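Colleague: start26.csv is reproduced below (CSV, C-alpha atoms).
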chain,number,residue,atom,x,y,z
O,100,MET,CA,-24.6,56.1,79.6
O,101,ARG,CA,-26.1,58.3,76.9
O,102,PHE,CA,-27.7,57.0,73.8
O,103,PHE,CA,-28.8,57.5,71.0
O,104,GLY,CA,-29.1,58.2,58.6
O,105,ASP,CA,-31.7,58.8,56.8
O,106,ARG,CA,-34.6,57.1,58.3
O,107,ARG,CA,-38.0,57.2,56.7
O,108,GLY,CA,-36.7,56.4,53.2
O,109,GLN,CA,-34.9,53.2,54.6
O,110,HIS,CA,-38.1,51.6,55.9
O,111,SER,CA,-38.8,48.3,54.3
O,112,GLY,CA,-42.0,49.7,52.7
O,113,ARG,CA,-44.7,48.0,54.7
O,114,GLY,CA,-47.9,49.3,53.1
O,115,ASP,CA,-51.1,50.4,54.9
O,116,ARG,CA,-52.8,47.5,56.5
O,117,PRO,CA,-56.5,47.0,55.7
O,118,GLU,CA,-58.7,47.2,58.7
O,119,PRO,CA,-60.0,43.8,59.9
O,120,GLY,CA,-63.5,43.0,58.8
O,121,ASP,CA,-66.4,42.2,61.0
O,122,GLY,CA,-66.9,38.5,61.8
O,123,SER,CA,-69.9,36.7,63.2
O,124,GLY,CA,-69.8,33.7,65.6
O,125,HIS,CA,-72.2,30.8,65.6
O,126,GLY,CA,-73.1,28.3,68.2
O,127,GLY,CA,-72.3,24.6,67.8
O,128,ASP,CA,-75.9,23.8,66.6
O,129,GLY,CA,-76.0,26.8,64.3
O,130,GLY,CA,-78.7,28.6,66.3
O,131,PRO,CA,-78.6,31.4,68.7
O,132,ASP,CA,-77.2,30.9,72.2
O,133,GLU,CA,-80.3,31.2,74.5
O,134,SER,CA,-78.1,31.8,77.5
O,135,SER,CA,-76.7,35.0,76.0
O,136,PRO,CA,-78.5,38.2,77.1
O,137,VAL,CA,-78.0,39.7,73.7
O,138,ALA,CA,-80.9,39.1,71.4
O,139,PRO,CA,-80.4,38.3,67.7
O,140,ASP,CA,-80.6,41.2,65.3
O,141,GLY,CA,-84.1,42.0,64.1
O,142,ALA,CA,-87.1,44.3,64.6
O,143,GLY,CA,-88.1,44.7,68.2
O,144,ALA,CA,-84.9,43.1,69.6
O,145,PRO,CA,-84.3,44.3,73.2
O,146,SER,CA,-81.1,46.4,73.7
O,147,LEU,CA,-78.8,46.1,76.7
O,148,ASP,CA,-78.3,48.9,79.1
O,149,ASP,CA,-74.8,49.7,80.4
O,150,ALA,CA,-75.2,47.6,83.6
O,151,ALA,CA,-76.3,44.5,81.7
O,152,LEU,CA,-73.6,44.9,79.0
O,153,HIS,CA,-71.0,45.2,81.7
O,154,ALA,CA,-72.2,42.1,83.5
O,155,SER,CA,-72.2,40.2,80.2
O,156,VAL,CA,-68.7,41.2,79.3
O,157,GLU,CA,-67.5,40.4,82.9
O,158,SER,CA,-69.1,37.0,82.7
O,159,LEU,CA,-67.3,36.3,79.5
O,160,LEU,CA,-64.0,37.4,80.8
O,161,LEU,CA,-64.4,35.3,84.0
O,162,ARG,CA,-65.0,32.2,81.9
O,163,GLU,CA,-62.0,32.9,79.7
O,164,LEU,CA,-59.7,33.7,82.6
O,165,GLY,CA,-60.6,30.7,84.6
O,166,GLY,CA,-62.4,32.5,87.3
O,167,THR,CA,-60.0,35.4,87.8
O,168,MET,CA,-61.8,38.4,89.2
O,169,ILE,CA,-61.7,41.6,87.0
O,170,ALA,CA,-60.5,43.6,90.0
O,171,ASP,CA,-57.5,41.3,90.4
O,172,ILE,CA,-56.1,42.0,86.9
O,173,ASP,CA,-52.9,44.0,86.9
O,174,HIS,CA,-53.8,46.9,84.6
O,175,ASP,CA,-50.1,47.7,84.0
O,176,GLN,CA,-49.9,44.3,82.2
O,177,ILE,CA,-52.7,45.1,79.8
O,178,PRO,CA,-51.4,46.0,76.3
O,179,THR,CA,-52.3,49.5,75.2
O,180,PRO,CA,-51.7,51.2,71.8
O,181,LEU,CA,-48.2,52.3,70.9
O,182,ARG,CA,-47.6,56.1,71.0
O,183,ARG,CA,-44.5,58.2,70.6
O,184,GLY,CA,-45.2,59.7,74.0
O,185,ARG,CA,-44.7,56.4,75.6
O,186,VAL,CA,-41.3,56.1,73.9
O,187,LEU,CA,-40.3,59.6,75.1
O,188,GLU,CA,-41.5,58.7,78.6
O,189,TRP,CA,-39.3,55.6,78.6
O,190,ILE,CA,-36.3,57.6,77.6
O,191,ALA,CA,-36.9,60.2,80.3
O,192,ASP,CA,-37.5,57.6,83.0
O,193,ALA,CA,-34.2,55.9,82.0
O,194,GLY,CA,-32.4,59.2,82.4
O,195,TYR,CA,-31.1,59.2,78.8
O,196,SER,CA,-30.7,62.3,76.5
O,197,TYR,CA,-32.5,62.6,73.2
O,198,PHE,CA,-33.3,65.0,70.4
O,199,ILE,CA,-36.2,65.5,68.0
O,200,ASP,CA,-34.8,66.3,64.5
O,201,ALA,CA,-36.2,68.4,61.7
O,202,GLU,CA,-38.2,65.4,60.4
O,203,ASP,CA,-39.8,65.1,63.9
O,204,ASP,CA,-38.0,61.8,64.6
O,205,VAL,CA,-36.7,60.9,68.0
O,206,GLY,CA,-33.0,60.0,68.2
O,207,GLY,CA,-29.9,60.1,70.3
O,208,LEU,CA,-26.5,58.6,71.0
O,209,TRP,CA,-25.8,55.3,72.6
O,210,HIS,CA,-22.1,54.3,73.1
O,211,GLY,CA,-21.2,56.9,70.5
O,212,ARG,CA,-23.6,55.5,67.8
O,213,LEU,CA,-26.7,57.2,66.5
O,214,PHE,CA,-30.0,55.5,67.2
O,215,TYR,CA,-33.5,56.4,66.1
O,216,PHE,CA,-36.8,55.4,67.5
O,217,LEU,CA,-39.3,55.3,64.7
O,218,LEU,CA,-43.0,54.6,64.4
O,219,PHE,CA,-44.6,53.4,61.1
O,220,GLY,CA,-47.9,52.1,59.9
O,221,THR,CA,-51.4,53.5,59.5
O,222,HIS,CA,-51.8,53.8,63.2
O,223,GLN,CA,-48.1,54.1,64.1
O,224,GLU,CA,-48.3,50.6,65.4
O,225,ILE,CA,-44.9,49.4,64.1
O,226,LEU,CA,-41.9,50.2,66.3
O,227,GLN,CA,-38.4,50.3,64.8
O,228,VAL,CA,-35.1,51.0,66.7
O,229,ARG,CA,-32.6,51.8,64.0
O,230,GLY,CA,-28.9,52.3,64.6
O,231,GLN,CA,-26.1,53.7,62.5
O,232,TRP,CA,-22.4,52.9,62.8
O,233,ASN,CA,-20.3,55.9,63.7
O,234,ARG,CA,-17.8,55.2,60.9
O,235,ASP,CA,-18.1,54.6,57.2
O,236,ILE,CA,-16.3,52.3,54.7
O,237,THR,CA,-15.0,52.8,51.2
O,238,ILE,CA,-16.9,51.3,48.3
O,239,GLU,CA,-13.9,48.9,47.6
O,240,ARG,CA,-14.8,47.0,50.9
O,241,LEU,CA,-18.5,46.7,50.1
O,242,GLU,CA,-18.3,42.9,49.3
O,243,GLU,CA,-16.6,42.0,52.5
O,244,ILE,CA,-18.9,44.2,54.7
O,245,LEU,CA,-21.9,42.6,53.0
O,246,GLU,CA,-20.5,39.2,53.8
O,247,PHE,CA,-20.1,40.3,57.4
O,248,CYS,CA,-23.7,41.5,57.6
O,249,ASN,CA,-25.0,38.3,56.0
O,250,GLU,CA,-23.2,36.1,58.4
O,251,TRP,CA,-24.6,38.1,61.3
O,252,ASN,CA,-28.1,37.9,60.0
O,253,ALA,CA,-27.8,34.2,59.4
O,254,ASP,CA,-26.7,33.4,62.9
O,255,ARG,CA,-28.8,35.9,65.0
O,256,ILE,CA,-32.4,37.0,65.2
O,257,TRP,CA,-31.6,40.6,66.2
O,258,PRO,CA,-30.7,43.0,64.9
O,259,LYS,CA,-31.0,43.0,61.1
O,260,ALA,CA,-27.8,44.4,59.7
O,261,TYR,CA,-27.5,46.0,56.3
O,262,THR,CA,-25.6,48.7,54.3
O,263,ARG,CA,-26.3,51.8,52.2
O,264,VAL,CA,-24.0,53.2,49.6
O,265,ARG,CA,-24.0,57.0,49.5
O,266,ASP,CA,-23.7,59.2,46.5
O,267,ASN,CA,-20.1,59.9,47.4
O,268,GLY,CA,-19.3,56.2,47.3
O,269,MET,CA,-19.0,55.7,51.0
O,270,VAL,CA,-20.7,52.8,52.7
O,271,HIS,CA,-22.8,53.3,55.8
O,272,VAL,CA,-23.9,50.4,58.0
O,273,PHE,CA,-27.2,50.1,59.9
O,274,THR,CA,-29.1,47.9,62.3
O,275,GLU,CA,-32.8,47.5,62.8
O,276,VAL,CA,-35.1,45.8,65.3
O,277,THR,CA,-38.7,46.1,64.0
O,278,VAL,CA,-41.8,44.8,65.7
O,279,ASP,CA,-45.5,45.0,64.7
O,280,LEU,CA,-47.5,46.1,67.8
O,281,GLU,CA,-50.9,46.2,66.2
O,282,HIS,CA,-52.5,44.6,69.2
O,283,GLY,CA,-50.8,46.9,71.7
O,284,VAL,CA,-47.9,46.6,74.1
O,285,ASN,CA,-47.6,46.9,77.9
O,286,ASP,CA,-44.8,48.9,79.6
O,287,ASP,CA,-42.6,45.9,80.4
O,288,GLN,CA,-42.8,44.6,76.8
O,289,LEU,CA,-42.0,48.1,75.4
O,290,ASP,CA,-39.0,48.3,77.8
O,291,GLN,CA,-37.7,44.9,76.6
O,292,LEU,CA,-38.1,45.9,72.9
O,293,LEU,CA,-36.4,49.2,73.2
O,294,GLN,CA,-33.6,47.7,75.2
O,295,CYS,CA,-33.3,44.9,72.7
O,296,GLY,CA,-32.9,47.4,69.8
O,297,LEU,CA,-30.2,49.4,71.6
O,298,SER,CA,-28.3,46.5,73.1
O,299,THR,CA,-28.2,44.2,70.1
O,300,GLY,CA,-27.4,47.1,67.8
O,301,SER,CA,-24.5,48.0,70.0
O,302,MET,CA,-23.3,44.3,70.0
O,303,PHE,CA,-23.2,44.3,66.2
O,304,PHE,CA,-21.3,47.6,66.1
O,305,ASP,CA,-18.8,46.3,68.7
O,306,ALA,CA,-18.2,43.3,66.5
O,307,LEU,CA,-17.8,45.5,63.5
O,308,ASP,CA,-15.2,47.6,65.4
O,309,GLU,CA,-13.3,44.4,66.0
O,310,PHE,CA,-13.5,43.4,62.4
O,311,TYR,CA,-12.3,46.9,61.3
O,312,PRO,CA,-10.1,48.3,64.0
O,313,ASP,CA,-10.0,52.0,64.2
O,314,PRO,CA,-6.4,53.1,63.5
O,315,ALA,CA,-6.9,56.3,65.4
O,316,ARG,CA,-7.5,54.3,68.6
O,317,SER,CA,-4.0,52.7,68.3
O,318,ALA,CA,-0.7,54.3,69.2
O,319,PRO,CA,1.4,55.2,66.1
Let me see the file written as structure tokens.
Modeller:
Amino acid sequence: MRFFGDRRGQHSGRGDRPEPGDGSGHGGDGGPDESSPVAPDGAGAPSLDDAALHASVESLLLRELGGTMIADIDHDQIPTPLRRGRVLEWIADAGYSYFIDAEDDVGGLWHGRLFYFLLFGTHQEILQVRGQWNRDITIERLEEILEFCNEWNADRIWPKAYTRVRDNGMVHVFTEVTVDLEHGVNDDQLDQLLQCGLSTGSMFFDALDEFYPDPARSAP
């Protein structure tokens, strides 16, 4: 199988997210935790060297993980920041074909439909898999295609289905699966999200093909 219109302008318009502010923790009695190797801020407060800091962090993780040793953690399961290179690596590992267009967006064909893999957000932390139906519809059918999309969206989580009316009066139909990965994603999770965007988008387009049979596919 091979996979994979307008992209950036169709995004829902999520604005830049403000950076989280610094917080401060307090002990149950309101005072400093004497068991912590970190001294409270102030003049002459001792600083931790690298070994002491590592030991402090490891001790905290051991408490939170119920005694699991740091060396036993599967580092492949640790979420890491989303990057376009990871998406390209996933495509290559799957043996799929893709292109990078004039707007530097990654796309390709999946079951004859156009799909794009887009990154949004201040730190490109928002992943979107967007599909476009390989056919268009006349403006006279806009009401019925909107009803079709609304029924799909009401019954299913993925993908979001919607339409765009072009200047020439033709209606294009799109799907989207969008996920905010601000806190990172591991390889298995990324694989599931990308597969979800492609497979659920294809399911919607298959249903649309059944709703609007292509006359060219039938014998005269």
Colleague: One number please: atom CA of O:Thr299 to atom CA of O:Pro258, in Å, one decimal.
Modeller: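 These atoms are spaced 5.9 Å apart.
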Colleague: Interatomic distance between atom CA of O:His271 and atom CA of O:Asp235?
Modeller: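 Separating atom CA of O:His271 from atom CA of O:Asp235 is a distance of 5.1 Å.
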Colleague: Excluding O:Gly296 and any residue of its chain fewer than 4 positions from it, enumerate the residues within 10 Å of it, using only C-alpha atoms, and give them as a list in words.
Modeller: Phe214, Tyr215, Phe216, Gln227, Val228, Arg229, Gly230, Trp257, Pro258, Lys259, Thr274, Glu275, Val276, Thr277, Gln291, Leu292, Gly300 and Ser301 of chain O
Colleague: Please determine, counting all atoms listed in the file, which residue among O:Asp200, O:Asp266, O:Asp175, O:Glu250 has the shortest atom-to-atom distance to O:Leu289.
Modeller: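 Looking at the shortest contact to O:Leu289, the residue is O:Asp175.
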Colleague: Just the residues within 10 Å of O:Leu218, please, counting all atoms listed in the file, with nothing from its chain fewer than 3 positions along; format it as number ranges by chain.
Modeller: O: 107, 181-183, 186, 204-205, 215, 221-228, 277-279
Colleague: For stretch 284-287 of chain O, work out the shell of residues within 6 Å, counting only C-alpha atoms and skipping chain neighbours fewer than 4 positions away, then give it as a list in words.
Modeller: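 The filter keeps Gln176, Ile177, Pro178 and Thr179 of chain O.
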Colleague: Distance atom CA of O:Glu239-atom CA of O:Ser298, one decimal place?
Modeller: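 Spanning atom CA of O:Glu239 to atom CA of O:Ser298 is a straight-line distance of 29.4 Å.
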